[in-house]
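The file data-v9.txt contains compact mmCIF, C-alpha atoms:
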```
# COMPACT_ATOMS: atom_id res chain seq x y z
CA ARG A 2 38.53 14.05 24.04
CA TYR A 3 34.87 13.06 24.10
CA VAL A 4 33.50 10.20 21.99
CA SER A 5 29.93 8.90 22.04
CA LEU A 6 27.83 6.36 20.16
CA GLU A 7 24.08 6.98 19.92
CA CYS A 8 21.88 4.08 21.02
CA GLY A 9 18.44 3.65 22.58
CA PRO A 10 14.84 3.66 21.29
CA LEU A 11 13.98 5.89 18.35
CA GLY A 12 11.83 8.26 20.39
CA GLY A 13 8.50 8.38 18.56
CA GLY A 14 7.52 11.26 16.28
CA HIS A 15 10.15 13.56 17.78
CA GLY A 16 12.96 11.06 17.26
CA HIS A 17 15.71 11.65 14.73
CA PRO A 18 17.31 9.01 12.45
CA ASP A 19 20.50 9.19 14.51
CA ARG A 20 20.88 5.58 15.64
CA LEU A 21 24.59 4.65 15.79
CA HIS A 22 25.56 8.30 15.26
CA LEU A 23 29.18 9.04 16.19
CA THR A 24 30.15 12.25 18.01
CA LEU A 25 33.75 13.37 18.42
CA HIS A 26 35.11 16.37 20.33
CA ALA A 27 38.89 16.63 20.66
CA LEU A 28 41.50 19.35 21.25
CA GLY A 29 38.79 21.95 21.73
CA VAL A 30 37.14 21.23 18.37
CA HIS A 31 33.70 19.65 17.86
CA TRP A 32 34.82 17.59 14.87
CA LEU A 33 31.74 15.37 14.44
CA PRO A 34 28.62 17.10 15.79
CA ASP A 35 24.95 16.20 15.80
CA PHE A 36 23.30 19.27 14.26
CA GLY A 37 19.96 18.81 16.04
CA ALA A 38 16.61 19.85 14.60
CA GLY A 39 16.94 23.45 13.44
CA SER A 40 13.94 25.67 12.77
CA TYR A 41 10.52 24.02 12.67
CA VAL A 42 9.29 26.61 10.13
CA SER A 43 12.12 26.11 7.64
CA ARG A 44 12.28 23.57 4.83
CA THR A 45 15.79 22.60 6.03
CA LEU A 46 14.14 20.87 8.99
CA PHE A 47 13.68 17.89 6.69
CA TRP A 48 17.43 17.82 6.06
CA TYR A 49 18.31 17.72 9.74
CA ARG A 50 15.75 14.96 10.20
CA SER A 51 17.23 12.84 7.39
CA PRO A 52 19.65 9.94 7.96
CA LEU A 53 22.33 11.47 5.71
CA ALA A 54 22.55 14.56 7.95
CA HIS A 55 24.05 12.47 10.77
CA ASN A 56 27.35 10.66 11.25
CA ALA A 57 25.40 7.40 11.21
CA PRO A 58 25.18 4.38 8.86
CA VAL A 59 22.44 4.54 6.22
CA VAL A 60 21.19 1.28 4.67
CA ASP A 61 19.49 1.48 1.27
CA GLY A 62 18.90 5.19 1.78
CA ASP A 63 17.15 4.67 5.12
CA GLY A 64 17.46 1.49 7.15
CA ALA A 65 19.29 1.37 10.47
CA ALA A 66 19.01 5.07 11.20
CA TRP A 67 15.24 4.73 11.85
CA SER A 68 15.55 1.60 14.03
CA ASP A 69 15.95 1.18 17.76
CA ALA A 70 19.56 0.62 18.78
CA ARG A 71 20.91 -1.20 21.81
CA CYS A 72 24.31 -1.10 23.46
CA GLU A 73 25.82 -4.60 23.38
CA ARG A 74 29.28 -3.94 24.83
CA PHE A 75 30.99 -1.32 26.97
CA ASP A 76 34.26 -1.46 28.90
CA ALA A 77 37.03 0.91 29.98
CA GLN A 78 40.51 -0.06 31.17
CA GLY A 79 43.08 2.65 31.74
CA ASP A 80 43.58 4.69 28.56
CA TRP A 81 41.48 2.30 26.46
CA SER A 82 37.72 1.91 26.17
CA TRP A 83 35.24 0.48 23.69
CA THR A 84 31.55 0.22 22.98
CA ARG A 85 29.39 -1.52 20.40
CA GLY A 86 25.84 -0.73 19.32
CA ARG A 87 23.42 -2.62 17.10
CA ALA A 88 20.52 -1.31 15.05
CA GLY A 89 18.81 -3.88 12.84
CA ASP A 90 21.47 -5.69 10.82
CA VAL A 91 24.11 -3.00 11.43
CA THR A 92 26.67 -2.93 14.23
CA ARG A 93 29.08 -0.13 15.05
CA THR A 94 32.15 -0.67 17.22
CA VAL A 95 34.10 2.30 18.59
CA VAL A 96 37.48 1.87 20.33
CA SER A 97 39.14 4.87 21.96
CA GLY A 98 42.85 4.84 22.83
CA PRO A 99 45.49 7.37 23.89
CA ARG A 100 46.18 8.58 20.34
CA TYR A 101 43.26 7.66 18.09
CA VAL A 102 39.76 6.24 17.69
CA VAL A 103 38.97 3.07 15.71
CA ASP A 104 35.52 2.90 14.10
CA VAL A 105 34.14 -0.31 12.56
CA VAL A 106 30.72 -0.44 10.87
CA GLU A 107 29.44 -3.86 9.78
CA LEU A 108 26.38 -4.89 7.78
CA TYR A 109 25.52 -8.57 7.38
CA GLY A 110 22.66 -10.29 5.59
CA ASP A 111 21.58 -12.64 2.83
CA ASP A 112 20.65 -9.91 0.35
CA GLU A 113 22.89 -7.40 -1.40
CA ARG A 114 22.38 -3.91 0.00
CA ALA A 115 23.90 -0.45 -0.14
CA LEU A 116 25.62 1.10 2.87
CA ASP A 117 26.45 4.82 3.18
CA LEU A 118 28.46 6.23 6.09
CA PRO A 119 28.38 10.06 6.23
CA TRP A 120 31.14 12.12 7.87
CA HIS A 121 30.25 15.74 8.68
CA VAL A 122 33.74 16.83 9.65
CA ARG A 123 34.07 20.44 10.75
CA GLY A 124 36.84 22.69 9.42
CA ARG A 125 38.52 22.66 6.05
CA TRP A 126 39.17 19.18 4.72
CA ASP A 127 40.41 17.44 1.59
CA VAL A 128 41.44 13.97 0.46
CA ASP A 129 45.15 13.23 0.80
CA ALA A 130 45.61 10.53 -1.84
CA GLY A 131 46.53 10.17 -5.47
CA GLY A 132 43.41 10.47 -7.59
CA ARG A 133 40.76 12.86 -8.85
CA TRP A 134 37.15 13.91 -8.21
CA GLU A 135 34.58 13.10 -10.88
CA PRO A 136 30.98 14.43 -10.99
CA ALA A 137 28.43 11.80 -9.93
CA ALA A 138 24.66 11.47 -9.95
CA PHE A 139 23.01 11.46 -6.54
CA GLU A 140 19.34 12.26 -6.02
CA HIS A 141 18.69 14.14 -2.78
CA GLU A 142 16.73 17.33 -2.23
CA PHE A 143 19.37 19.01 -0.07
CA VAL A 144 22.66 17.60 -1.43
CA THR A 145 24.37 19.30 -4.39
CA ASP A 146 27.81 19.40 -6.03
CA VAL A 147 28.14 15.62 -5.72
CA ALA A 148 31.39 14.00 -6.82
CA ARG A 149 33.08 10.62 -6.48
CA PHE A 150 36.78 10.22 -5.71
CA VAL A 151 38.62 7.99 -8.19
CA PRO A 152 42.01 6.87 -6.80
CA ASP A 153 44.98 6.26 -9.05
CA GLY A 154 45.00 2.57 -8.10
CA PRO A 155 43.14 -0.04 -6.04
CA ALA A 156 45.79 -0.05 -3.28
CA VAL A 157 46.02 3.72 -2.80
CA PRO A 158 45.45 4.57 0.90
CA VAL A 159 42.85 7.31 1.34
CA VAL A 160 43.20 9.83 4.17
CA VAL A 161 40.87 12.79 4.66
CA ARG A 162 42.71 15.57 6.49
CA ALA A 163 40.81 18.38 8.21
CA GLU A 164 42.12 21.55 9.81
CA ALA A 165 40.24 23.57 12.41
CA PRO A 166 39.96 27.38 12.08
CA GLY A 167 43.26 28.92 13.08
CA GLY A 168 45.16 25.70 12.38
CA VAL A 169 45.44 24.83 16.10
CA ALA A 170 44.12 21.29 15.64
CA ARG A 171 43.94 18.69 12.88
CA LEU A 172 41.96 15.54 12.26
CA ALA A 173 43.15 12.75 9.96
CA THR A 174 40.48 10.24 8.91
CA HIS A 175 42.15 7.06 7.62
CA VAL A 176 39.80 5.05 5.38
CA ALA A 177 40.98 1.44 5.63
CA SER A 178 38.29 -0.20 3.48
CA SER A 179 37.55 -0.70 -0.19
CA ALA A 180 34.54 1.64 -0.06
CA GLU A 181 34.15 4.56 -2.43
CA VAL A 182 34.55 8.11 -1.12
CA TRP A 183 31.88 10.62 -2.18
CA ARG A 184 31.41 14.28 -1.35
CA GLY A 185 28.61 16.80 -1.55
CA THR A 186 27.33 20.10 -0.20
CA ALA A 187 24.40 20.42 2.20
CA PRO A 188 22.95 22.90 4.72
CA ASP A 189 25.41 23.81 7.46
CA ALA A 190 24.59 23.90 11.17
CA PRO A 191 21.13 25.30 12.07
CA GLY A 192 20.99 29.08 12.18
CA THR A 193 23.89 29.67 9.78
CA ASP A 194 22.00 29.96 6.43
CA THR A 195 25.13 28.61 4.71
CA ARG A 196 26.12 25.33 3.08
CA ALA A 197 29.03 23.10 3.97
CA PRO A 198 30.81 20.20 2.26
CA PHE A 199 30.74 16.71 3.74
CA PHE A 200 31.88 13.30 2.53
CA TRP A 201 30.59 9.77 2.91
CA LEU A 202 31.73 6.22 2.27
CA ARG A 203 29.70 4.07 -0.12
CA ALA A 204 29.73 0.29 -0.39
CA ARG A 205 27.42 -2.40 -1.72
CA GLY A 206 27.29 -6.12 -1.00
CA LYS A 207 25.95 -8.83 1.30
CA ASN A 208 28.60 -8.50 3.99
CA ILE A 209 30.18 -5.06 4.35
CA ARG A 210 32.81 -3.92 6.84
CA LEU A 211 33.96 -0.29 6.92
CA VAL A 212 37.05 0.43 9.03
CA THR A 213 38.03 4.04 9.79
CA VAL A 214 40.66 5.42 12.17
CA LEU A 215 40.33 9.00 13.48
CA ASP A 216 43.55 10.73 14.53
CA PRO A 217 43.09 14.15 16.22
CA SER A 218 46.41 15.92 16.75
CA SER A 219 47.85 19.38 17.35
CA GLU A 220 51.42 18.71 16.19
CA THR A 221 52.84 15.25 15.45
CA PRO A 222 50.28 12.80 13.97
CA GLY A 223 49.57 9.79 16.15
CA VAL A 224 48.75 7.49 13.19
CA LEU A 225 51.13 6.89 10.29
CA ALA A 226 49.22 4.16 8.44
CA VAL A 227 46.31 1.74 8.84
CA ARG A 228 46.12 -1.76 7.39
CA VAL A 229 43.30 -4.31 7.57
CA GLN A 230 44.39 -7.95 7.50
CA GLY A 231 41.42 -10.27 7.79
CA ASP A 232 39.68 -9.51 11.07
CA ALA A 233 42.70 -7.62 12.43
CA VAL A 234 43.37 -3.88 12.14
CA ASP A 235 47.01 -2.76 12.33
CA VAL A 236 47.54 0.86 13.31
CA GLU A 237 51.09 2.12 12.77
CA THR A 238 52.13 4.81 15.26
CA PRO A 239 55.48 6.57 15.84
CA ASP A 240 56.13 4.02 18.61
CA GLY A 241 55.30 0.92 16.59
CA VAL A 242 52.34 -1.11 15.33
CA GLU A 243 49.28 -1.68 17.50
CA ARG A 244 47.13 -4.63 16.42
CA HIS A 245 43.38 -4.64 17.08
CA GLU A 246 41.47 -7.93 16.99
CA LEU A 247 37.84 -8.79 17.67
CA ASP A 248 37.77 -11.91 19.82
CA PRO A 249 34.56 -13.68 20.89
CA GLY A 250 32.91 -11.16 23.19
CA ALA A 251 35.95 -8.88 23.48
CA TRP A 252 38.27 -6.45 21.72
CA THR A 253 42.01 -7.04 22.05
CA VAL A 254 44.79 -4.48 21.53
CA ARG A 255 48.36 -5.79 21.26
CA ARG A 256 51.33 -3.44 21.62
CA GLY A 257 54.45 -5.56 21.63
CA PRO A 258 54.29 -7.76 24.74
CA GLU A 259 51.41 -5.71 26.22
CA VAL A 260 47.85 -7.00 25.71
CA ILE A 261 44.73 -4.96 26.54
CA ARG A 262 41.51 -6.96 26.54
CA LEU A 263 38.24 -5.02 26.58
CA GLY A 264 35.11 -7.01 27.41
CA GLY A 265 31.94 -5.87 29.11
CA PRO A 266 28.37 -7.18 29.30
CA VAL A 267 26.82 -9.10 26.43
CA GLU A 268 23.85 -6.77 26.43
CA MET A 269 22.53 -4.04 28.70
CA GLU A 270 19.44 -4.91 30.71
CA PRO A 271 16.20 -3.83 29.00
CA PRO A 272 14.37 -0.87 30.54
CA LEU A 273 11.77 -1.62 33.19
CA ARG A 274 8.27 -1.85 31.73
CA PRO A 275 5.13 -1.71 33.88
CA LEU A 276 2.75 -4.67 33.87
CA LEU A 277 -0.16 -2.32 33.12
CA ASP A 278 0.29 0.69 30.83
CA LEU A 279 -2.29 3.27 31.90
CA GLU A 280 -1.26 5.73 29.18
CA PRO A 281 -0.92 3.82 25.89
CA PRO A 282 0.39 5.81 22.91
CA ARG A 283 -2.28 7.31 20.66
```

Reformat the file's structure so that it appears as structure tokens.
Amino acid sequence: RYVSLECGPLGGGHGHPDRLHLTLHALGVHWLPDFGAGSYVSRTLFWYRSPLAHNAPVVDGDGAAWSDARCERFDAQGDWSWTRGRAGDVTRTVVSGPRYVVDVVELYGDDERALDLPWHVRGRWDVDAGGRWEPAAFEHEFVTDVARFVPDGPAVPVVVRAEAPGGVARLATHVASSAEVWRGTAPDAPGTDTRAPFFWLRARGKNIRLVTVLDPSSETPGVLAVRVQGDAVDVETPDGVERHELDPGAWTVRRGPEVIRLGGPVEMEPPLRPLLDLEPPR
């Protein structure tokens, strides 16, 4: 398994709005890719250079994706590791364990804002929950066939299950938040000349917290259910419940009597800057 969180400076005119983008490769499948730029002489270039084309949080249609991002935390202990990045008012925390990956996106502020979290999951996928898809209005040059998922009730757990070509690997995306689930169709990977479906989470408010658990598996699922109780996230596995809690400056995982505490530096050191810049940007 390979998991990464995109941080660092935007990169000038050649930078992409991929701050806090999440990449996941597991069981030989590139589940959550970064598509890159594509052809510079094709109109679809503007899609690949849009925030919605990445697995990254989008604030008010733009926002954090075009900001610099810094890594605030990183630690690895045995089978567990975590990292947290910040871009503007958005933070993204990623925790990787033996069976699954916990993803927490948070937006805080004094004003009410909209937060979208796209998921470009490869393979065939569908929502495993009681409910229906309803057509919805969404203005975007490259996104069509937009629909909103309406669950049968407010407490219905939503799981998006994907299957890789050949059925050798599966990915279950457990949505453990009250956000809406939307879907649409957009240009596929560069060079394919096809379109592919993707989904995204939508929420609006002053303080938003989106919790998602990714469970890649080849046979028996590693995650049976996910529940959010206050600041704690309970992940039910075949071996019992594992509780995740964000402590001051650390992430704690409790499995029965075992406690894993992930810490790390408060903030990475800033890059070295010369006292005199002989080549200022034009």

Q: Fewer than 2 positions away in the same chain doesn't count, so skip those; otherwise give me all residues within 7 Å of stretch 118-124 of chain A, counting all atoms listed in the file, as a list in words.
A: Trp32, Leu33, Leu53, His55, Asn56, Ala57, Pro58, Val59, Leu116, Trp126, Ala163, Glu164, Ala165, Pro166, Phe199, Phe200, Trp201, Leu202 and Arg203 of chain A

Mind checking which residues fall within 7 Å of A:Arg255, counting all atoms listed in the file, ignoring those fewer than 5 positions away in the same chain, and posting them as a compact mmCIF listing (two decimals) with C-alpha atoms, in the coordinates of the input?
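Saved file selection.txt follows:
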```txt
# COMPACT_ATOMS: atom_id res chain seq x y z
CA GLU A 243 49.28 -1.68 17.50
CA ARG A 244 47.13 -4.63 16.42
CA HIS A 245 43.38 -4.64 17.08
CA VAL A 260 47.85 -7.00 25.71
CA ILE A 261 44.73 -4.96 26.54
```

Q) Please, what distance in Å, to one decimal, runs between atom CA of A:Gly98 and atom CA of A:Asp117? A) 25.6 Å

Q | Nearest to A:Val106, chosen from A:Arg210, A:Phe139, A:Phe47, A:Val234, with all atoms listed in the file counted in the distances | A | A:Arg210

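Nearest to A:Glu142 of all the residues A:Thr186, A:Thr84, A:Gln78, A:Pro191 is A:Thr186, counting all atoms listed in the file.
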
Kindly complete stretch 92-114 of chain A to N, CA, C and O atoms; the output should be written as a PDB file, in the coordinates of the input.
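Written out: out_29.pdb:
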```pdb
ATOM      1  N   THR A  92      25.979  -3.146  12.966  1.00  0.00           N
ATOM      2  CA  THR A  92      26.670  -2.930  14.230  1.00  0.00           C
ATOM      3  C   THR A  92      27.746  -1.874  14.028  1.00  0.00           C
ATOM      4  O   THR A  92      28.309  -1.747  12.931  1.00  0.00           O
ATOM      5  N   ARG A  93      28.004  -1.118  15.094  1.00  0.00           N
ATOM      6  CA  ARG A  93      29.080  -0.130  15.050  1.00  0.00           C
ATOM      7  C   ARG A  93      29.917  -0.278  16.315  1.00  0.00           C
ATOM      8  O   ARG A  93      29.401  -0.227  17.423  1.00  0.00           O
ATOM      9  N   THR A  94      31.210  -0.489  16.126  1.00  0.00           N
ATOM     10  CA  THR A  94      32.150  -0.670  17.220  1.00  0.00           C
ATOM     11  C   THR A  94      33.094   0.523  17.251  1.00  0.00           C
ATOM     12  O   THR A  94      33.686   0.879  16.225  1.00  0.00           O
ATOM     13  N   VAL A  95      33.241   1.130  18.420  1.00  0.00           N
ATOM     14  CA  VAL A  95      34.100   2.300  18.590  1.00  0.00           C
ATOM     15  C   VAL A  95      35.113   1.988  19.692  1.00  0.00           C
ATOM     16  O   VAL A  95      34.725   1.621  20.807  1.00  0.00           O
ATOM     17  N   VAL A  96      36.396   2.122  19.381  1.00  0.00           N
ATOM     18  CA  VAL A  96      37.480   1.870  20.330  1.00  0.00           C
ATOM     19  C   VAL A  96      38.292   3.153  20.470  1.00  0.00           C
ATOM     20  O   VAL A  96      38.782   3.696  19.478  1.00  0.00           O
ATOM     21  N   SER A  97      38.427   3.634  21.698  1.00  0.00           N
ATOM     22  CA  SER A  97      39.140   4.870  21.960  1.00  0.00           C
ATOM     23  C   SER A  97      40.423   4.577  22.731  1.00  0.00           C
ATOM     24  O   SER A  97      40.384   3.930  23.789  1.00  0.00           O
ATOM     25  N   GLY A  98      41.552   5.032  22.194  1.00  0.00           N
ATOM     26  CA  GLY A  98      42.850   4.840  22.830  1.00  0.00           C
ATOM     27  C   GLY A  98      43.536   6.156  23.103  1.00  0.00           C
ATOM     28  O   GLY A  98      42.963   7.231  22.894  1.00  0.00           O
ATOM     29  N   PRO A  99      44.780   6.135  23.557  1.00  0.00           N
ATOM     30  CA  PRO A  99      45.490   7.370  23.890  1.00  0.00           C
ATOM     31  C   PRO A  99      45.682   8.309  22.699  1.00  0.00           C
ATOM     32  O   PRO A  99      45.674   9.525  22.870  1.00  0.00           O
ATOM     33  N   ARG A 100      45.844   7.754  21.494  1.00  0.00           N
ATOM     34  CA  ARG A 100      46.180   8.580  20.340  1.00  0.00           C
ATOM     35  C   ARG A 100      45.050   8.716  19.327  1.00  0.00           C
ATOM     36  O   ARG A 100      44.955   9.730  18.643  1.00  0.00           O
ATOM     37  N   TYR A 101      44.185   7.703  19.210  1.00  0.00           N
ATOM     38  CA  TYR A 101      43.260   7.660  18.090  1.00  0.00           C
ATOM     39  C   TYR A 101      41.992   6.938  18.474  1.00  0.00           C
ATOM     40  O   TYR A 101      41.869   6.369  19.573  1.00  0.00           O
ATOM     41  N   VAL A 102      41.042   6.920  17.522  1.00  0.00           N
ATOM     42  CA  VAL A 102      39.760   6.240  17.690  1.00  0.00           C
ATOM     43  C   VAL A 102      39.556   5.313  16.489  1.00  0.00           C
ATOM     44  O   VAL A 102      39.684   5.744  15.337  1.00  0.00           O
ATOM     45  N   VAL A 103      39.262   4.051  16.762  1.00  0.00           N
ATOM     46  CA  VAL A 103      38.970   3.070  15.710  1.00  0.00           C
ATOM     47  C   VAL A 103      37.453   2.930  15.594  1.00  0.00           C
ATOM     48  O   VAL A 103      36.754   2.760  16.593  1.00  0.00           O
ATOM     49  N   ASP A 104      36.951   3.004  14.366  1.00  0.00           N
ATOM     50  CA  ASP A 104      35.520   2.900  14.100  1.00  0.00           C
ATOM     51  C   ASP A 104      35.280   1.794  13.088  1.00  0.00           C
ATOM     52  O   ASP A 104      35.875   1.805  11.998  1.00  0.00           O
ATOM     53  N   VAL A 105      34.427   0.828  13.444  1.00  0.00           N
ATOM     54  CA  VAL A 105      34.140  -0.310  12.560  1.00  0.00           C
ATOM     55  C   VAL A 105      32.631  -0.425  12.412  1.00  0.00           C
ATOM     56  O   VAL A 105      31.913  -0.640  13.392  1.00  0.00           O
ATOM     57  N   VAL A 106      32.139  -0.295  11.183  1.00  0.00           N
ATOM     58  CA  VAL A 106      30.720  -0.440  10.870  1.00  0.00           C
ATOM     59  C   VAL A 106      30.549  -1.696  10.030  1.00  0.00           C
ATOM     60  O   VAL A 106      31.218  -1.861   9.010  1.00  0.00           O
ATOM     61  N   GLU A 107      29.633  -2.579  10.463  1.00  0.00           N
ATOM     62  CA  GLU A 107      29.440  -3.860   9.780  1.00  0.00           C
ATOM     63  C   GLU A 107      27.966  -4.064   9.454  1.00  0.00           C
ATOM     64  O   GLU A 107      27.091  -3.789  10.276  1.00  0.00           O
ATOM     65  N   LEU A 108      27.722  -4.560   8.256  1.00  0.00           N
ATOM     66  CA  LEU A 108      26.380  -4.890   7.780  1.00  0.00           C
ATOM     67  C   LEU A 108      26.403  -6.303   7.229  1.00  0.00           C
ATOM     68  O   LEU A 108      27.165  -6.594   6.301  1.00  0.00           O
ATOM     69  N   TYR A 109      25.567  -7.179   7.810  1.00  0.00           N
ATOM     70  CA  TYR A 109      25.520  -8.570   7.380  1.00  0.00           C
ATOM     71  C   TYR A 109      24.094  -8.936   6.991  1.00  0.00           C
ATOM     72  O   TYR A 109      23.138  -8.416   7.573  1.00  0.00           O
ATOM     73  N   GLY A 110      23.974  -9.830   6.015  1.00  0.00           N
ATOM     74  CA  GLY A 110      22.660 -10.290   5.590  1.00  0.00           C
ATOM     75  C   GLY A 110      22.765 -11.190   4.377  1.00  0.00           C
ATOM     76  O   GLY A 110      23.837 -11.393   3.806  1.00  0.00           O
ATOM     77  N   ASP A 111      21.630 -11.734   3.974  1.00  0.00           N
ATOM     78  CA  ASP A 111      21.580 -12.640   2.830  1.00  0.00           C
ATOM     79  C   ASP A 111      21.396 -11.913   1.512  1.00  0.00           C
ATOM     80  O   ASP A 111      21.649 -12.486   0.443  1.00  0.00           O
ATOM     81  N   ASP A 112      20.918 -10.666   1.568  1.00  0.00           N
ATOM     82  CA  ASP A 112      20.650  -9.910   0.350  1.00  0.00           C
ATOM     83  C   ASP A 112      21.707  -8.822   0.159  1.00  0.00           C
ATOM     84  O   ASP A 112      22.256  -8.278   1.124  1.00  0.00           O
ATOM     85  N   GLU A 113      21.955  -8.478  -1.085  1.00  0.00           N
ATOM     86  CA  GLU A 113      22.890  -7.400  -1.400  1.00  0.00           C
ATOM     87  C   GLU A 113      22.233  -6.055  -1.132  1.00  0.00           C
ATOM     88  O   GLU A 113      21.133  -5.786  -1.601  1.00  0.00           O
ATOM     89  N   ARG A 114      22.919  -5.211  -0.361  1.00  0.00           N
ATOM     90  CA  ARG A 114      22.380  -3.910   0.000  1.00  0.00           C
ATOM     91  C   ARG A 114      23.451  -2.839  -0.104  1.00  0.00           C
ATOM     92  O   ARG A 114      24.642  -3.141  -0.222  1.00  0.00           O
TER      93      ARG A 114
END
```
